[in-house]
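Participant: Quick one: the structure is below, questions incoming.
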Amino acid sequence: MPPSGLQNGLSAHLHVEDPVSSNSVYESSSLASIRASLASLHSRDAAISSRLQTLIASQADLSRELGRLDLLRAHLGTQVVDTRKISNGMLESAASTASHLSSKVKALDLEKKRVEETLGVVEKVAELKACVQGVVGSMGAPQDWEAAAGYIARSSKIPQSIVEGKFAATVVPSVEIPDAPGVTIESAKESLCGLFLREFDRAIEEGDGGKITRFFKLFPLIGREETGLEVYGRYVCQGVASRARANLKEGTKGRDSKDGFFYANALTKLFEHIAQIVEGHGGLVERHYGVGRMVKVIERLQVEADVQGGIVLDTWGDERNVDRRLKDVKSYPFSFLVQSFLPAQKSLGTTRTSSPAIGGGANGRLSEDEGVDMKEVDGLLSEMAIMLGRWSLYSRFIGGKCRVSPPPAILLQAISKITQDSTVYSKEPLQIPDLLIRSALSRKVSARLTTPFNDMTTFFFRRSVEKAFQLDELPSGLTLNPSKPVESSGPYIISAVDDVMYIVNAVLQRSLSTSQRDVVSSVIPSISRVLGSDFVGMIQRKMRDESYPKPVVQGGLPPEDKIIAFIVLINSLDVANDYISRIVTTRIQPPEPNSGSSLHDMFPFAQDATFVTNALKSLDSTFSSITSELINEGLSALFNNVIKLRLRPVLSETFRDVDYSLSDEDLIEIARQKDSEDDPESLQDIVARRFEHYWDALMKPIQRLMTSRHFANLLDLTAKHLARVLENRIWSHSRKINALGAIRMERDFSRIVEIVARGKYSVRDMFSKVTQICMLVNMEDEEWDALIEEENDGNEEMAWVLSQDERLKARNMVKS
């Protein structure tokens with residue numbers, strides 16, 4: 001009999017929910033319901049009995065497993081007892097022995113370490129004693145300064161705590177050397193330092209290079225690196241100063257020797273000499289004084305470069321009268337440009353003495369009419385550009401030497417060949433060292449070279465633009481008569497374009513050759529400003545006041561010379577735009593990738609190359625934007641005042657006596673009445689032949705004078721207008737044409753579109769409405785029904801430009 005707990009569990013497990021209540025038998029009111037309740041009770045009894053049998057069958061397995069667990073628990077208790085006996089009996093003594101041995105080993109290791117440290121101290125003290133005795137002995141009768149310096153260098157490797165310790169103070173002193181070792185070594189250092197300084201100065205006076213090097217190498221051995229670098233810097237600076245004075249004295253032998261680029265060459269020689277010193281002596285300094293110690297010498301050299309370079313720049317400024325010329329440049333009035341932009345009635349009352357007229361022959365070549373000699377300005381700019389370029393090359397060389405990783409040796413070759421135009425520089429971006437930023441020469445270069453160069457370059461360019469328009473000429477021999485040949489070949493532009501673009505190229509080349517970001521940041525915006533205001537402004541004034549194609553009489557056509565001049569000015573803007581684009585592209589992407597003339601080679605500092613590239617692109621985009629706007633206005637004026645007026649009679653003559661309501665018999669009768677030798681088919685093509693004749697007479701004279709790109713734009717304007725006119729003409733024939741006339745109309749208009757789009761297929765797109773109207777007029781009913789069905793099904797493939805109403809209107813154009 002299972003326990004009561006098991007009985008409860010079994011009862012809970014055997015409990016089955018019965019959908020029929022136990023009282024349902026008593027509540028049944030019929031025999032059928034009683035039987036159903038009884039069947040339910042039988043089913044419940046069978047289920048409970050089945051589950052009960054399952055639990056009884058599994059009770060034996062459960063009892064067996066519980067017995068095995070009790071057996072395992074008994075065995076485990078025995079093992080626990082045995083383990084405790086082993087731990088308390090056998091391992092306790094072993095652990096005690098191990099702990100004792102470990103403490104003994106630690107004590108021996110500590111003792112050994114102390115013995116080794118003691119031996120090390122003894123050895124270092126012995127070494128210190130040997131060094132002290134060696135220093136004193138070498139400084140005695142032998143006077144072996146290298147040996148004495150070597151002993152001091154050896155003693156510097158001994159820790160100061162040992163040198164100053166009590167043990168060394170007891171062991172090292174002797175009867176001959178009674179002082180403490182630290183005192184003895186310091187006294188020796190002071191004595192040797194004074195001796196080396198005297199010998200170094202004596203070697204400089206005697207010019208003994210070997211002796212100079214000998215004593216220079218001894219300073220770091222005695223811990224006087226700063227002193228050695230100071231005296232060595234003073235020594236090399238003396239050489240720099242004497243060489244610079246000698247170079248300037250060459251100019252005092254004769255006045256003519258100071259002409260040309262004498263001062264630029266003097267500055268070049270100064271930088272080249274410093275570069276040779278840095279490269280030639282850098283290895284010696286780095287080897288004996290440590291990596292990076294050459295910077296100390298470079299700082300001392302830069303101080304001397306500030307002095308000598310400042311003398312060169314000051315002398316050059318006084319000799320060339322730079323301040324006076326700069327004052328003249330800033331006060332130049334640009335009278336011709338100013339008067340050109342004044343209204344016509346005001347400019348007549350304002351004259352300028354010796355002012356050359358436009359294309360005024362010899363008078364137009366006077367560049368000194370306002371007190372400024374352009375040749376002198378050009379020479380000054382060339383000389384300043386050379387000096388700025390040399391300063392930039394010197395700066396990148398010093399910047400490379402002041403980097404942690406030294407620059408490639410190719411930089412020295414660039415310095416030694418500093419007078420050459422093309423050089424190869426390090427590809428890695430540099431940073432301008434602080435010693436150059438703080439230097440007095442850097443400030444003087446900015447004040448004496450960079451600022452005057454920027455101001456004079458702006459003047460030189462603007463004066464060149466002014467002079468180009470003073471000497472400006474239109475191309476000769478141009479005519480709109482197709483029967484007369486044109487004397488010259490295109491593009492037909494004013495002469496000022498070639499002159500100004502040549503100056504743009506030269507000014508940019510000279511400015512970029514300086515490799516100075518400050519120059520580029522001033523010159524390129526100035527060029528852009530002058531091009532936009534003066535160059536484009538002068539052409540705009542000519543287009544507006546001198547060459548605008550307006551008729552002389554109301555309703556007439558403009559004079560031929562005005563039309564030609566207007567086209568030439570549009571061409572000039574187009575060609576100038578191409579010039580600027582090519583100039584900028586050439587500077588950004590040089591034709592030879594490894595020529596050393598790329599912007600990254602010329603501007604290696606930080607992001608300077610990116611800045612210059614963006615400045616050049618800005619120049620191109622700004623000029624292109626200004627010229628494109630003016631060109632579009634000019635093309636619009638040319639179309640409205642020339643093409644549009646002449647297009648009306650062209651269409652009138654083309655469609656003269658054209659009737660699309662005639663039958664075949666009518667056409668044959670017309671041909672017979674005119675005694676025409678042509679058959680009716682040829683007579684039907686008369687519209688296309690007329691249009692082609694008049695169209696060529698209108699457009700070809702303009703096409704041969706205008707640049708191809710902007711003639712294409714003019715053709716687009718004309719085609720848009722012509723498409724609207726032809727569309728209106730087609731609609732005007734609504735309900736007035738027969739089936740034959742519709743076919744003739746489609747053929748005529750298709751031929752007109754072909755003639756207009758000849759050479760430029762994209763023009764056909766502008767006549768899409770005309771083409772679709774003609775197509776719908778001649779479309780068969782079956783095709784039209786198929787299109788309607790495709791449209792209703794959503795599978796329409798035709799790209800309509802006509803609205804639904806326009807399509808229906810086109811289908812009803814033929815009269816019934």
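Simple scheme: letters A, B, ... for chains in structure tokens order, numbers from 1 for residues in each chain, numbers from 1 for ligands in the order shown.
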List as a PDB file with C-alpha atoms, in the first residue's frame the protein and nucleic acid residues near Arg438 of chain A, meaning an atom at most 12 Å away when only C-alpha atoms are counted, but skip any in the same chain fewer than 3 places from it.
Facilitator:
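selection.pdb written:
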```
ATOM      1  CA  GLU A 299      68.846  78.532 -35.710  1.00  0.00           C
ATOM      2  CA  GLN A 302      69.165  81.793 -39.556  1.00  0.00           C
ATOM      3  CA  VAL A 303      70.045  84.736 -37.326  1.00  0.00           C
ATOM      4  CA  ASP A 306      68.335  87.507 -41.274  1.00  0.00           C
ATOM      5  CA  ILE A 432      57.243  75.852 -42.125  1.00  0.00           C
ATOM      6  CA  PRO A 433      59.534  75.669 -39.073  1.00  0.00           C
ATOM      7  CA  ASP A 434      59.038  78.162 -36.267  1.00  0.00           C
ATOM      8  CA  LEU A 435      62.561  79.520 -36.681  1.00  0.00           C
ATOM      9  CA  LEU A 441      64.124  87.920 -42.831  1.00  0.00           C
ATOM     10  CA  SER A 442      60.671  86.359 -43.192  1.00  0.00           C
ATOM     11  CA  ARG A 443      59.052  89.625 -42.135  1.00  0.00           C
ATOM     12  CA  LYS A 444      61.332  91.589 -44.453  1.00  0.00           C
TER      13      LYS A 444
END
```
Participant: Leaving out Gly490 of chain A and any residue of its chain fewer than 2 positions from it, which residues lie within 10 Å of it when counting only C-alpha atoms, given as a list in words?
Facilitator: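 Close residues of Gly490 of chain A: Pro475, Val486, Glu487, Ser488, Tyr492, Ile493, Asn571, Arg704, Leu705, Met706 and Thr707 of chain A.
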Participant: Write out as number ranges by chain the set of residues from segment 28-266 of chain A that DSSP, computed on the backbone, places in alpha helix (DSSP H).
Facilitator: A: 31-86, 92-138, 145-155, 160-163, 166-171, 181-206, 209-216, 225-250, 262-266
Participant: Considering only C-alpha atoms, return as a VMD selection string whatever protein or nucleic-acid residues lie within 8 Å of Val650 of chain A, sequence-local ones (same chain, fewer than 2 positions apart) excluded.
Facilitator: chain A and resid 646 to 648 652 to 654 691 694 to 695
Participant: So how many Å separate atom CA of Ala810 of chain A and atom CA of Ala688 of chain A, to one decimal?
Facilitator: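 Between atom CA of Ala810 of chain A and atom CA of Ala688 of chain A the gap is 22.4 Å.
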